[in-house]
Structure formats: C-alpha cells, structure tokens
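Student: For reference, the structure I am asking about is given below.
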Amino acid sequence: MTEPSLALQALVRSRLIVSAELVEWVPADHVLDKSDRPEVFPCILIGEGQTLPGSLIDRSDFEAVLDLHLWTSEPGLAVAKRIAGEVRAALVSGPWAIDGFHVADLRIASTRFLRDPGPYGHGVITLSALMKETVS
C-alpha cells in the first residue's frame, strides 16, 4: 500500500511535467524530489509531505498535504509568482488519477513568496488533497 502523501507527490509531478505552459518556465527535468538547495534554476522542489487521518469509521480516507518549493535565479519574486500561476493551472481540474486512491478534491491551500538571501526568488505552494483508499 502506498503512503497517501507519496501517491499525491507522484500525481502532482506527473501533472506538472506534462504542462506545456509550465515547462516553458521550468523544464520537466527541473521538477525534483530533493532536500538540498537547488542546483539548477528555475526549478520546483517537491518538499515536505504530511498525511492526516480522515473521519470515516473504516479509516480509509485521508488528507494529504504537500509543499512545492519554487526557485528562480532572479532577485525579485515576479518569475516565482508566474510559475505559481502555471502550477495552479496545471493542477486546477481533475480527474486526478492515483493508483490505490480516489482523489475527491485537490486544492491549493496556500501560496507564499519568500525573500531569500542572494539573487533568488522563492515561493512555496501548499497543496491539500482529500483522498479515499480504493480496493484493488
């Protein structure tokens, strides 16, 4: 059985790397699951994840939360904000197919833009997905 936040991560990455509009700003091979500071710019680093239990008595539903870190090499935040808009467009509508889960809802819970030292733009998008385990 796949952990719900890992299944969400796979879904999100698969949607981002096929978005022609997003790939104009961030090449598909720059969408990474990585812990360190970025080495290539611009990039999207798939960050922290969390799984919360749902409310069904059979414990088959979850809320999975995932952070995406957007990095640019520009000193301002305009490009990071543009990339955030393209991420939103890539994820805004379903269907959201994940092996082992039905995704009832996927939403952007928050987007924030941070001033980092040096010539970097940095944004963080927090995604939230309501998921129900499916029987194989």
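Chain lettering (A, B, ...) mirrors the order of the structure tokens, residue numbering begins at 1 for each chain separately, and ligand numbering begins at 1 in order of display.
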Can you tell me, as a PyMOL selection string, which residues in region 51-136 of chain A count as helix (DSSP H, G or I) by DSSP?
Tutor: chain A and resi 78-91
Student: Can you pull out the residues contacting region 104-111 of chain A? Cut-off 7 Å, using only C-alpha atoms, and skip same-chain residues under 4 positions away; I want them as number ranges by chain.
Tutor: A: 124-131
Student: Just the selected residues (C-alpha atoms), exported as a CSV table (one decimal), in the first residue's frame, please.
Tutor:
```csv
chain,number,residue,atom,x,y,z
A,124,VAL,CA,6.1,27.8,-1.5
A,125,ILE,CA,2.8,26.3,-2.6
A,126,THR,CA,1.0,24.0,-0.1
A,127,LEU,CA,-1.4,21.5,-1.7
A,128,SER,CA,-4.1,19.6,0.1
A,129,ALA,CA,-5.9,16.6,-1.2
A,130,LEU,CA,-8.8,14.7,0.1
A,131,MET,CA,-8.2,11.0,-0.7
```
Student: Point out the residue among A:Lys132, A:Ala97, A:Arg37, A:Glu3 with the least atom-to-atom distance to Asp58 (chain A), counting only C-alpha atoms.
Tutor: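 Comparing A:Lys132, A:Ala97, A:Arg37, A:Glu3 against Asp58 (chain A), the winner is A:Lys132.
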Student: Could you check the closest approach to Thr51 (chain A) for each of A:Ala10, A:Ala20, A:Ala64, A:Ala84 and tell me which residue wins, using only C-alpha atoms?
Tutor: A:Ala64
Student: Kindly provide the residues of region 2-59 of chain A that approach region 68-75 of chain A to within 6 Å, each paired with its closest atom pair and their distance in Å to one decimal, based on only C-alpha atoms, listed by chain and increasing number, as JSON lines.
Tutor:
```
{"residue": "A:Phe41", "atom": "CA", "partner": "A:Thr72", "partner_atom": "CA", "distance": 5.4}
{"residue": "A:Pro42", "atom": "CA", "partner": "A:Thr72", "partner_atom": "CA", "distance": 4.4}
{"residue": "A:Cys43", "atom": "CA", "partner": "A:Trp71", "partner_atom": "CA", "distance": 5.3}
{"residue": "A:Ile44", "atom": "CA", "partner": "A:Leu70", "partner_atom": "CA", "distance": 4.6}
{"residue": "A:Leu45", "atom": "CA", "partner": "A:His69", "partner_atom": "CA", "distance": 5.0}
{"residue": "A:Ile46", "atom": "CA", "partner": "A:Leu68", "partner_atom": "CA", "distance": 4.8}
{"residue": "A:Gly47", "atom": "CA", "partner": "A:Leu68", "partner_atom": "CA", "distance": 5.5}
```
Student: With distances taken over only C-alpha atoms, which residue among A:Pro117, A:Phe101, A:Glu21, A:His30 lies nearest Ser60 (chain A)?
Tutor: A:Phe101
Student: Quick one, how far is CA of Ala7 (chain A) from CA of Phe113 (chain A)?
Tutor: 25.9 Å
Student: From the DSSP assignment of the backbone, select every residue of region 2-133 of chain A that is strand (DSSP E or B), and format the answer as a ChimeraX atom specification.
Tutor: /A:31-33,43-53,61-72,97-98,101-115,121-133
Student: Would you save the residues from that selection as a short mmCIF file (atom, residue, chain, number, x, y, z; two decimals), in the first residue's frame, using C-alpha atoms?
Tutor:
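After the write, again-v4.cif holds the following:
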```
data_model
loop_
_atom_site.label_atom_id
_atom_site.label_comp_id
_atom_site.auth_asym_id
_atom_site.auth_seq_id
_atom_site.Cartn_x
_atom_site.Cartn_y
_atom_site.Cartn_z
CA VAL A 31 10.86 19.19 -11.13
CA LEU A 32 12.65 17.20 -8.43
CA ASP A 33 12.21 15.43 -5.11
CA CYS A 43 13.16 24.56 -10.50
CA ILE A 44 10.37 23.09 -8.44
CA LEU A 45 11.48 21.02 -5.48
CA ILE A 46 8.88 18.65 -4.09
CA GLY A 47 9.15 19.25 -0.40
CA GLU A 48 7.55 18.27 2.83
CA GLY A 49 4.53 15.98 2.95
CA GLN A 50 2.03 15.09 5.62
CA THR A 51 -0.86 12.66 5.89
CA LEU A 52 -3.77 13.31 8.25
CA PRO A 53 -6.49 10.80 9.10
CA ASP A 61 -9.88 8.40 3.92
CA PHE A 62 -7.05 10.88 4.33
CA GLU A 63 -5.98 14.43 3.81
CA ALA A 64 -2.56 14.51 2.20
CA VAL A 65 -0.60 17.77 2.28
CA LEU A 66 2.41 18.54 0.09
CA ASP A 67 4.70 21.56 -0.26
CA LEU A 68 6.21 22.61 -3.57
CA HIS A 69 9.20 24.97 -3.42
CA LEU A 70 9.58 27.20 -6.48
CA TRP A 71 13.07 28.59 -7.08
CA THR A 72 14.27 31.16 -9.59
CA ALA A 97 -5.84 9.51 -11.03
CA ILE A 98 -3.69 7.89 -8.39
CA PHE A 101 -6.71 6.16 -4.19
CA HIS A 102 -9.66 8.22 -5.35
CA VAL A 103 -8.89 11.95 -5.06
CA ALA A 104 -12.12 13.70 -4.14
CA ASP A 105 -10.55 17.16 -4.08
CA LEU A 106 -7.16 18.71 -4.75
CA ARG A 107 -6.69 22.33 -3.84
CA ILE A 108 -4.01 24.89 -3.29
CA ALA A 109 -4.24 25.60 0.44
CA SER A 110 -1.75 28.47 0.35
CA THR A 111 0.92 30.15 -1.72
CA ARG A 112 3.62 32.29 -0.15
CA PHE A 113 6.60 34.10 -1.56
CA LEU A 114 9.79 34.49 0.47
CA ARG A 115 12.81 36.76 0.30
CA GLY A 121 13.15 34.13 -5.90
CA HIS A 122 11.44 31.53 -3.71
CA GLY A 123 7.81 30.53 -3.43
CA VAL A 124 6.08 27.76 -1.51
CA ILE A 125 2.79 26.25 -2.62
CA THR A 126 0.99 24.04 -0.11
CA LEU A 127 -1.39 21.52 -1.67
CA SER A 128 -4.13 19.64 0.12
CA ALA A 129 -5.87 16.56 -1.25
CA LEU A 130 -8.83 14.66 0.14
CA MET A 131 -8.22 11.03 -0.74
CA LYS A 132 -10.02 7.72 -0.22
CA GLU A 133 -8.29 4.40 -0.42
#
```
Student: I need the residue nearest Leu77 (chain A) from this list: A:Gly94, A:Asp116, A:Val40, A:Val23. Use only C-alpha atoms for the distance.
Tutor: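 For Leu77 (chain A), the nearest of the candidates is A:Asp116.
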Student: Rank A:Pro119, A:Gly85, A:Pro4, A:Gly76 by their smallest atom-to-atom distance to Gly100 (chain A), using only C-alpha atoms, and report the top residue only.
Tutor: A:Pro4
Student: Could you jot down the CA of Gln9 (chain A) to CA of Tyr120 (chain A) separation for me, Å, one decimal place?
Tutor: 24.5 Å
